[in-house]
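Note sheet for the following structure.
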Protein chains: 2
Amino acid sequence: MVTIADVARHAGVSSSTVSYVLSGKRAISEETRNRVQISVRELGYHPNAGARALAARRSHIVALMVPLRTDVYVPVMMEIAISVTMAARQHGYDVLLITNDEGPDGVKRIAASGLADGVILMDVEMDDERIPVLQAQRTEAALIGLPQDTSGLSCVDHDFAAAGALCADHLADLGHREIAFIGYGSGVYHRHAGYAERTLTGFRERAEQRGLRFLHRSCEGTYESTAGTLARILADRPDTTGFVVQNEGAVGPLLTLLRTSGRTVPEDVSVIALCQDQLAEQFAPRLTAVTGSAQELGRVAVEQIMRRLTAAAAGDRPVDDRVLLTPVLTIRDSTGPAPRQQS
Amino acid sequence: MVTIADVARHAGVSSSTVSYVLSGKRAISEETRNRVQISVRELGYHPNAGARALAARRSHIVALMVPLRTDVYVPVMMEIAISVTMAARQHGYDVLLITNDEGPDGVKRIAASGLADGVILMDVEMDDERIPVLQAQRTEAALIGLPQDTSGLSCVDHDFAAAGALCADHLADLGHREIAFIGYGSGVYHRHAGYAERTLTGFRERAEQRGLRFLHRSCEGTYESTAGTLARILADRPDTTGFVVQNEGAVGPLLTLLRTSGRTVPEDVSVIALCQDQLAEQFAPRLTAVTGSAQELGRVAVEQIMRRLTAAAAGDRPVDDRVLLTPVLTIRDSTGPAPRQQS
DNA sequence: TGTCACCGTCGAAACGCTTCGCTGCTAGCT
DNA sequence: AGCTAGCAGCGAAGCGTTTCGACGGTGACA
């Protein structure tokens, strides 16, 4: 193993000088700096992470706590995890993966042991029990998702309300008047998952403004469940011509079922999805969809936590920071003008 | 911050005693041990990770290198990442997430800095350039996937050849004679991804033994691509009655296309998928599928690396270890007896 | 020409933990 | 009785960094 002392000897300087070259925290002459950098490269020196963390009281690690629940579309989680990792690397940080089943104790463990300098929490609930622990430990954190009370916290999320509104607007613009909103399984609403509620609220408010009649139905995302949901919708509101779908699993079945029931998309009914573009592209017809970038979510969370970390180092009080990412509507082949009224 | 010295003072012992209580590496009297444990709990002591790593030359971290490529079904990657994390925790280890874009240098960095005690590599290629780096750094590793040369390495993977064979057997048992194998996009075969080739080989050999005629076609997994692939298959071999699908994205489109073309599953044609059970359950009809447990993959990889770590600590030479997980066939509603010959 | 400030470098003191070797004990043998 | 062995606990020496204070040297300024 090659240590800083080896580099120092090789370059003919003291080890503190090597350290200063590497950190840039003191002025070092051009010449010395070059000599040191060459030695570093030649010896293949990488500072020992443990020693560094101990001396600097900084581990250069952020923890990312991922949910085990799978009602959130899994590829999105992965995309966030990866974008967090890559963004963190850009700041010289690594990412520690921890699972939600460790709960608040996990946060405590990581923070108290100094394993990570900060924590990014995914799938934050309205009243998340990990937040008080975080604050008690004086650990920097960034939340992906919005809790009830965001004071003193950094949060980032999609603007689900805007996404819901966008759906309502698009369908209203096309002349649809009778809309069905196919949402997540009822469990998601029962635990008051913020994203589900905010989407629905955003949709509802805009729908009312635009004079749409609408129906919200939860759906587990399996074929059978979708079939049942669709049947009920068509029984209650046979004139429905627009569908908004927020459950990734229900999209495929819905399209199949509509076709089987003799309805053509988009001539007879329009379907707009709240899902990733990649998924929307996979169906036939390609789906009009409202999306937000999962990558961006991860990147912003990392920026937030880095800002808090540097603020904390400077002794500043970090300000609240609440970012909502604007969703984008991409019009594809699954939405079209409402058919002429026949009833 | 509470240190080991605080605990020692609180319990009225020396800090080395506290350390021995915690590590169990020396005998400590029942009474002292209790006193120390109580102090630990009361003070909420968590050993400082950096100091521990420095002194013990063990970080208690394993790195997990995930691929950025998304031609592998993403939820499976996530499932592996999570099972690795949970299994590692059971051994007192945490997991550091690193992305494949760091490449061999990333492995070098992690190993040389002592950030992680071992590395788990996902999506290992036949001739992976990270492997020599690993060996040069004398870092313990476990591979998920099989490289060309496995000597001196620990690897685990699904037995894709057996999975392919299982598909051939099942269809042969049902009396099908003309089979089409719909695989991954051509890029996957061009880079000689082990899993794709092994599945195909396993399928081919068994198919030949059982006297099946078959066709292999690659497919990108989009709707259009699947449509094109299916059209070509039916043009070349109109009597095809069995489909094996290894591309998650192609499953939905295939079912839709078969229906549109007037073929009923499973009366007219049988479809067997190589995909997760969860996915297989989502379609109508529910798919007969051959699966391996992604969770198990992660768990085994962690066991392997832990074994290597303890062996290395004891100064033993770790033996090669090559585990192939047996796939399971679950018969559902998409396969049935071959229709009577009509031609 | 003396004083001051700054620059570039060095030495040494932490940082919090593990672990080796030592010291009194008590107990079990010869 | 004398010796060894093992138990329980302590003290101190690292582990490899970072960072603070100090120290010559140099140039600017009075």
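Here, A, B, ... name the chains of the structure tokens in the order displayed, residue numbers run from 1 inside each chain, and ligands are numbered from 1 in the same displayed order.
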Select from chain A every residue with an atom at most 7 Å from any atom of chain D, then for each give the shortest pair of atoms and their distance in Å to one decimal, using only C-alpha atoms (C1' of nucleotides), rows by chain and rising number, as a tab-separated table.
residue	atom	partner	partner_atom	distance
A:Thr3	CA	D:DG16	C1'	6.9
A:Asn48	CA	D:DG16	C1'	6.6
A:Ala51	CA	D:DT17	C1'	4.8
A:Arg52	CA	D:DT17	C1'	4.7
A:Ala55	CA	D:DT18	C1'	5.3
A:Ala56	CA	D:DT18	C1'	5.6
Only N, CA and C atoms, please: the residues just picked out, written as a short mmCIF file (atom, residue, chain, number, x, y, z; two decimals), in the first residue's frame.
data_model
loop_
_atom_site.label_atom_id
_atom_site.label_comp_id
_atom_site.auth_asym_id
_atom_site.auth_seq_id
_atom_site.Cartn_x
_atom_site.Cartn_y
_atom_site.Cartn_z
N THR A 3 1.44 5.16 0.70
CA THR A 3 0.90 6.19 1.59
C THR A 3 1.40 7.57 1.17
N ASN A 48 -5.84 7.11 1.64
CA ASN A 48 -6.62 6.15 2.41
C ASN A 48 -7.89 6.81 2.95
N ALA A 51 -8.38 7.06 6.91
CA ALA A 51 -7.51 8.06 7.54
C ALA A 51 -7.99 9.47 7.22
N ARG A 52 -8.39 9.62 5.98
CA ARG A 52 -8.87 10.93 5.55
C ARG A 52 -10.12 11.32 6.33
N ALA A 55 -9.22 12.20 10.01
CA ALA A 55 -8.53 13.47 10.24
C ALA A 55 -9.39 14.67 9.85
N ALA A 56 -10.08 14.54 8.73
CA ALA A 56 -10.82 15.70 8.23
C ALA A 56 -12.25 15.76 8.76
#
Check the DSSP output for the backbone and give back, as a compact mmCIF listing (two decimals) with N, CA, C and O atoms, in the first residue's frame, the residues of range 137-171 of chain A in strand (DSSP E).
# COMPACT_ATOMS: atom_id res chain seq x y z
N GLU A 140 -26.71 16.58 7.57
CA GLU A 140 -27.30 17.23 6.40
C GLU A 140 -28.11 16.22 5.63
O GLU A 140 -27.75 15.05 5.54
N ALA A 141 -29.21 16.69 5.06
CA ALA A 141 -30.07 15.77 4.32
C ALA A 141 -30.73 16.48 3.16
O ALA A 141 -30.90 17.70 3.16
N ALA A 142 -31.07 15.69 2.18
CA ALA A 142 -31.92 16.16 1.09
C ALA A 142 -33.01 15.12 0.90
O ALA A 142 -32.75 13.92 0.96
N LEU A 143 -34.21 15.59 0.71
CA LEU A 143 -35.33 14.67 0.59
C LEU A 143 -35.85 14.64 -0.84
O LEU A 143 -36.00 15.69 -1.48
N ILE A 144 -36.12 13.46 -1.34
CA ILE A 144 -36.79 13.33 -2.62
C ILE A 144 -38.23 12.98 -2.31
O ILE A 144 -38.52 11.87 -1.87
N SER A 154 -34.16 20.54 2.90
CA SER A 154 -34.02 20.65 1.45
C SER A 154 -34.80 19.51 0.81
O SER A 154 -34.58 18.36 1.14
N CYS A 155 -35.71 19.86 -0.08
CA CYS A 155 -36.53 18.84 -0.72
C CYS A 155 -36.58 19.08 -2.21
O CYS A 155 -36.48 20.22 -2.67
N VAL A 156 -36.79 18.02 -2.94
CA VAL A 156 -37.00 18.15 -4.37
C VAL A 156 -38.01 17.08 -4.78
O VAL A 156 -38.02 15.98 -4.22
N ASP A 157 -38.85 17.42 -5.70
CA ASP A 157 -39.81 16.43 -6.19
C ASP A 157 -40.35 16.91 -7.53
O ASP A 157 -40.13 18.05 -7.93
N HIS A 158 -41.03 16.00 -8.19
CA HIS A 158 -41.75 16.43 -9.38
C HIS A 158 -42.91 17.31 -8.94
O HIS A 158 -43.46 17.13 -7.85
* Asked: When the cut-off is 6 Å and we count only C-alpha atoms, which residues of chain B are near chain A, given as a count of residues only?
  -> 20
* Best match for closeness to chain C among A:Ser14, A:Thr291, A:Ser23, A:Gln37, counting only C-alpha atoms (C1' of nucleotides) -> A:Ser14
* Could you pull the residues within 12 Å of Arg263 in chain A, counting only C-alpha atoms (C1' of nucleotides), minus those fewer than 3 positions along the same chain, as a PyMOL selection string? -> chain A and resi 234+238-242+254-260+266-271+339
* From range 199-266 of chain A, collect each residue whose DSSP state is alpha helix (DSSP H) and return the set as a ChimeraX atom specification. => /A:199-209,223-236,248-260
Contacts of chain C with chain B up to 6 Å, shortest pair per row, only C-alpha atoms (C1' of nucleotides), as a Markdown table:
| residue | atom | partner | partner_atom | distance |
| --- | --- | --- | --- | --- |
| C:DG16 | C1' | B:Ala51 | CA | 5.0 |
| C:DC17 | C1' | B:Ala51 | CA | 4.9 |
| C:DT18 | C1' | B:Ala55 | CA | 5.3 |
Write a file of the selected residues as a PDB file, in the first residue's frame, keeping all heavy atoms.
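Dumped everything to result.pdb:
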ATOM      1  P    DG C  16     -12.318  12.477  17.917  1.00  0.00           P
ATOM      2  OP1  DG C  16     -13.671  13.048  17.760  1.00  0.00           O
ATOM      3  OP2  DG C  16     -11.485  12.827  19.084  1.00  0.00           O
ATOM      4  O5'  DG C  16     -12.438  10.898  17.853  1.00  0.00           O
ATOM      5  C5'  DG C  16     -13.090  10.298  16.758  1.00  0.00           C
ATOM      6  C4'  DG C  16     -12.768   8.821  16.744  1.00  0.00           C
ATOM      7  O4'  DG C  16     -11.351   8.646  16.505  1.00  0.00           O
ATOM      8  C3'  DG C  16     -13.065   8.088  18.050  1.00  0.00           C
ATOM      9  O3'  DG C  16     -13.752   6.906  17.707  1.00  0.00           O
ATOM     10  C2'  DG C  16     -11.690   7.808  18.634  1.00  0.00           C
ATOM     11  C1'  DG C  16     -10.857   7.660  17.379  1.00  0.00           C
ATOM     12  N9   DG C  16      -9.440   7.927  17.545  1.00  0.00           N
ATOM     13  C8   DG C  16      -8.850   8.843  18.381  1.00  0.00           C
ATOM     14  N7   DG C  16      -7.546   8.854  18.288  1.00  0.00           N
ATOM     15  C5   DG C  16      -7.250   7.899  17.342  1.00  0.00           C
ATOM     16  C6   DG C  16      -6.007   7.471  16.823  1.00  0.00           C
ATOM     17  O6   DG C  16      -4.879   7.866  17.116  1.00  0.00           O
ATOM     18  N1   DG C  16      -6.157   6.471  15.859  1.00  0.00           N
ATOM     19  C2   DG C  16      -7.371   5.956  15.455  1.00  0.00           C
ATOM     20  N2   DG C  16      -7.337   5.001  14.521  1.00  0.00           N
ATOM     21  N3   DG C  16      -8.543   6.346  15.927  1.00  0.00           N
ATOM     22  C4   DG C  16      -8.411   7.315  16.858  1.00  0.00           C
ATOM     23  P    DC C  17     -14.251   5.868  18.754  1.00  0.00           P
ATOM     24  OP1  DC C  17     -15.632   5.520  18.444  1.00  0.00           O
ATOM     25  OP2  DC C  17     -13.882   6.303  20.109  1.00  0.00           O
ATOM     26  O5'  DC C  17     -13.334   4.629  18.374  1.00  0.00           O
ATOM     27  C5'  DC C  17     -13.559   3.964  17.142  1.00  0.00           C
ATOM     28  C4'  DC C  17     -12.343   3.223  16.699  1.00  0.00           C
ATOM     29  O4'  DC C  17     -11.196   4.050  16.940  1.00  0.00           O
ATOM     30  C3'  DC C  17     -12.069   1.937  17.449  1.00  0.00           C
ATOM     31  O3'  DC C  17     -12.611   0.864  16.680  1.00  0.00           O
ATOM     32  C2'  DC C  17     -10.549   1.849  17.503  1.00  0.00           C
ATOM     33  C1'  DC C  17     -10.067   3.214  17.027  1.00  0.00           C
ATOM     34  N1   DC C  17      -9.098   3.867  17.930  1.00  0.00           N
ATOM     35  C2   DC C  17      -7.735   3.659  17.714  1.00  0.00           C
ATOM     36  O2   DC C  17      -7.376   2.902  16.810  1.00  0.00           O
ATOM     37  N3   DC C  17      -6.845   4.278  18.528  1.00  0.00           N
ATOM     38  C4   DC C  17      -7.278   5.091  19.501  1.00  0.00           C
ATOM     39  N4   DC C  17      -6.356   5.697  20.259  1.00  0.00           N
ATOM     40  C5   DC C  17      -8.660   5.311  19.729  1.00  0.00           C
ATOM     41  C6   DC C  17      -9.533   4.680  18.934  1.00  0.00           C
ATOM     42  P    DT C  18     -12.571  -0.617  17.322  1.00  0.00           P
ATOM     43  OP1  DT C  18     -13.489  -1.429  16.516  1.00  0.00           O
ATOM     44  OP2  DT C  18     -12.722  -0.538  18.787  1.00  0.00           O
ATOM     45  O5'  DT C  18     -11.074  -1.074  17.012  1.00  0.00           O
ATOM     46  C5'  DT C  18     -10.710  -1.365  15.679  1.00  0.00           C
ATOM     47  C4'  DT C  18      -9.297  -1.895  15.650  1.00  0.00           C
ATOM     48  O4'  DT C  18      -8.405  -0.986  16.342  1.00  0.00           O
ATOM     49  C3'  DT C  18      -9.100  -3.258  16.302  1.00  0.00           C
ATOM     50  O3'  DT C  18      -8.218  -3.973  15.457  1.00  0.00           O
ATOM     51  C2'  DT C  18      -8.464  -2.931  17.649  1.00  0.00           C
ATOM     52  C1'  DT C  18      -7.655  -1.698  17.296  1.00  0.00           C
ATOM     53  N1   DT C  18      -7.379  -0.714  18.386  1.00  0.00           N
ATOM     54  C2   DT C  18      -6.079  -0.296  18.574  1.00  0.00           C
ATOM     55  O2   DT C  18      -5.137  -0.704  17.917  1.00  0.00           O
ATOM     56  N3   DT C  18      -5.920   0.640  19.570  1.00  0.00           N
ATOM     57  C4   DT C  18      -6.903   1.188  20.377  1.00  0.00           C
ATOM     58  O4   DT C  18      -6.623   2.028  21.223  1.00  0.00           O
ATOM     59  C5   DT C  18      -8.235   0.695  20.124  1.00  0.00           C
ATOM     60  C7   DT C  18      -9.373   1.236  20.941  1.00  0.00           C
ATOM     61  C6   DT C  18      -8.413  -0.221  19.161  1.00  0.00           C
TER      62       DT C  18
END
